[in-house]
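Below: the structure, in structure tokens.
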Amino acid sequence: MRRLIFNAINIFWLMLIFHSVPSQSQSKKVEEYVADLNRYGQEPMTFVKTVMNKYDLVIFDDALHSAYEAFVFYNQLIKLDGLSGKINYVFLEVVSTTAQPALDRYLVSATNDSTLLKKVFQDDYSGYGWRYHTYIELLNTIREKNSSLPEAAKIKVIGVNPPIYWEGIHSANDYDLFQNSLNGRDYSMYLTIVSHMSSFGKGNKGIFLTNSRHAYKGIRDKSNKLFWNTATFFDQWNPGKVYSIRMHNVSLFIQTKLPGAKEPREEVSYRWVKMDDGLWDEAFAKNENKPVAIPFEKTSFGRTPYIGNLMLNSAPGQTMYDAFDATIFLAPVSSLHNSAKFNFIYDLDFKKELERRLRLLEADHFEEFLKDNGVNTFDAYFAQLNKYVPLSKQTLGN
């Protein structure tokens, strides 16, 4: 009986020790993060000003295109007196080069006439239309800022996505050819930016607003070859000219590759997670959740294992510093928001065109597509789109 009691006590203490080891390890990592925040952390606007003094192009990864707080920051950056006249270009990943004339007309308009941007947002890659209100707010901020600047100092907004001509897509084969043309998308965006920046030869300054898969500077695959994306081209071919910053948010965690997928988005199993199982957010909380920019070089944040859309095929030991140069924390993941969605692009002229696109994209699955969206007719689906969606809490990773 004594032996049984003794063994039970030993088992209890062993279990307690084993359970406490991960907790102690996590606590140590959080303290390392906090120490680096205290040593290297900077006020975000001050940090970006310093970075822009040293580098010609700053790449901002919004983490989610729907992110609201990231665009609040971009707007504040545009308005910042200390950068007035110093930002020559704002490059937008989500806007096609074919939308440039409409974009230019809006930026010189005397009033905030968003209807001038209909074609800009109707003709996105998906075909459904781009709806995030944050882009309207950003463009209006730039338009208003330009009104107070001399001609030579006005900010130029450039769409860098390769051409999109929905008018020329009339069959599944046409659409497949269009998709094939996107294989060189990152290189095309790189060339567009470089050409406007005069190959960094005239002292121009710019910011490139994009998403993670175009902002990785040097992620390598399992054969130690680079995954080439827009930021990688810059890092390799224009060293010392470009700086890549990730806006803190949830990250895409790829779990496994799925067999027999019919669509690219169905090829993998994934989930949205907080960085380092939430330890980054714990460290930011210990820092009183103050907005802070933290460089990845020489810091525990930069040594955090890389996670993202390339992680299944990436080389062992890749870190966040291999992907980016820094992160900017604005608020805890649990407090972040999704952009409102506008509806002005869904006019009667676009209604017929949108139905044409959807019937082409969904083909024999069009009726199933409608049912998946809780409707039985395209008219009912269009009515859903033609509603303004207000700002909402971002729930991914929470």
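By convention in this document, the chains of the structure tokens carry letters A, B, ... by their order, each chain's residues are numbered from 1, and ligands are numbered from 1 in the order they are shown.
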task: Would you kindly return, as an MDAnalysis selection string, each protein, DNA or RNA residue with an atom no farther than 12 Å from any atom of region 164-174 of chain A, considering only C-alpha atoms and excluding same-chain residues fewer than 6 positions away?
output: chainID A and resid 94:100 119:129 180:182 185 350 353:354 356:364
How about saving the chosen residues, C-alpha atoms kept, as an mmCIF file, in the first residue's frame?
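Contents of selection_31.cif, freshly written:
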data_model
loop_
_atom_site.group_PDB
_atom_site.id
_atom_site.type_symbol
_atom_site.label_atom_id
_atom_site.label_comp_id
_atom_site.auth_asym_id
_atom_site.auth_seq_id
_atom_site.Cartn_x
_atom_site.Cartn_y
_atom_site.Cartn_z
ATOM 1 C CA VAL A 94 -4.358 45.155 -56.123
ATOM 2 C CA VAL A 95 -4.770 47.733 -58.901
ATOM 3 C CA SER A 96 -4.020 46.766 -62.490
ATOM 4 C CA THR A 97 -1.902 48.788 -64.889
ATOM 5 C CA THR A 98 -4.968 48.953 -67.132
ATOM 6 C CA ALA A 99 -6.807 50.942 -64.450
ATOM 7 C CA GLN A 100 -4.215 53.740 -64.425
ATOM 8 C CA LYS A 119 -13.546 50.430 -63.427
ATOM 9 C CA VAL A 120 -10.555 50.361 -61.073
ATOM 10 C CA PHE A 121 -12.427 48.126 -58.646
ATOM 11 C CA GLN A 122 -14.782 46.305 -60.998
ATOM 12 C CA ASP A 123 -11.917 44.824 -63.000
ATOM 13 C CA ASP A 124 -10.002 42.895 -60.345
ATOM 14 C CA TYR A 125 -8.421 39.481 -60.851
ATOM 15 C CA SER A 126 -11.238 37.586 -59.199
ATOM 16 C CA GLY A 127 -13.835 39.119 -61.512
ATOM 17 C CA TYR A 128 -16.188 39.701 -58.583
ATOM 18 C CA GLY A 129 -14.989 43.246 -57.895
ATOM 19 C CA ASN A 180 -1.163 31.454 -67.271
ATOM 20 C CA SER A 181 -0.149 35.038 -67.950
ATOM 21 C CA LEU A 182 0.020 35.586 -64.192
ATOM 22 C CA ARG A 185 3.148 38.464 -62.071
ATOM 23 C CA PHE A 350 -22.001 46.028 -64.108
ATOM 24 C CA GLU A 353 -21.155 41.860 -66.922
ATOM 25 C CA LEU A 354 -20.799 40.270 -63.479
ATOM 26 C CA ARG A 356 -21.374 36.838 -67.520
ATOM 27 C CA ARG A 357 -18.134 36.499 -65.567
ATOM 28 C CA LEU A 358 -19.632 34.275 -62.888
ATOM 29 C CA ARG A 359 -21.255 31.941 -65.410
ATOM 30 C CA LEU A 360 -17.889 31.661 -67.131
ATOM 31 C CA LEU A 361 -15.968 31.087 -63.884
ATOM 32 C CA GLU A 362 -18.423 28.679 -62.295
ATOM 33 C CA ALA A 363 -19.514 26.959 -65.542
ATOM 34 C CA ASP A 364 -21.612 23.882 -64.677
#
task: Please provide as a VMD selection string all residues within 9 Å of Ala70 (chain A), with the sequence filter that same-chain residues fewer than 6 positions apart are discarded (counting only C-alpha atoms).
output: chain A and resid 60 to 63 247 to 248 330
task: Name the residues in contact with Lys286 (chain A) at a cut-off of 10 Å, using only C-alpha atoms, excluding same-chain residues fewer than 2 positions from it; report them as a list of chain:residue names.
output: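 Returned residues: A:Val30, A:Glu31, A:Tyr33, A:Val34, A:Leu37, A:Trp280, A:Asp281, A:Glu282, A:Ala283, A:Phe284, A:Glu288, A:Asn289, A:Lys290.
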Contacts of Ala152 (chain A) within 10 Å, only C-alpha atoms, excl. fewer than 3 positions in-chain, as a list in words: Gly85, Asn88, Leu149 and Ile155 of chain A
Quick one: write out the picked residues with C-alpha atoms as a short mmCIF file (atom, residue, chain, number, x, y, z; two decimals), in the first residue's frame?
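Once written, out-v1.cif looks like this:
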data_model
loop_
_atom_site.label_atom_id
_atom_site.label_comp_id
_atom_site.auth_asym_id
_atom_site.auth_seq_id
_atom_site.Cartn_x
_atom_site.Cartn_y
_atom_site.Cartn_z
CA GLY A 85 6.90 65.97 -50.42
CA ASN A 88 7.03 60.28 -54.64
CA LEU A 149 1.55 70.23 -52.56
CA ILE A 155 2.33 61.77 -54.81
#
task: With a distance cut-off of 10 Å and only C-alpha atoms, select the neighbouring residues of Asp347 (chain A), excluding the residue or stretch itself and same-chain residues fewer than 4 positions from it, and output the selection as number ranges by chain.
output: A: 118, 343, 351-352, 382, 386
Taking C-alpha atoms for each residue, export the selection above as a compact mmCIF listing (two decimals), in the first residue's frame.
# COMPACT_ATOMS: atom_id res chain seq x y z
CA LYS A 118 -15.69 52.10 -60.77
CA ASN A 343 -21.19 48.77 -52.97
CA LYS A 351 -24.79 43.61 -63.21
CA LYS A 352 -24.95 42.01 -66.65
CA PHE A 382 -26.39 40.66 -56.84
CA ASN A 386 -25.15 45.70 -53.60
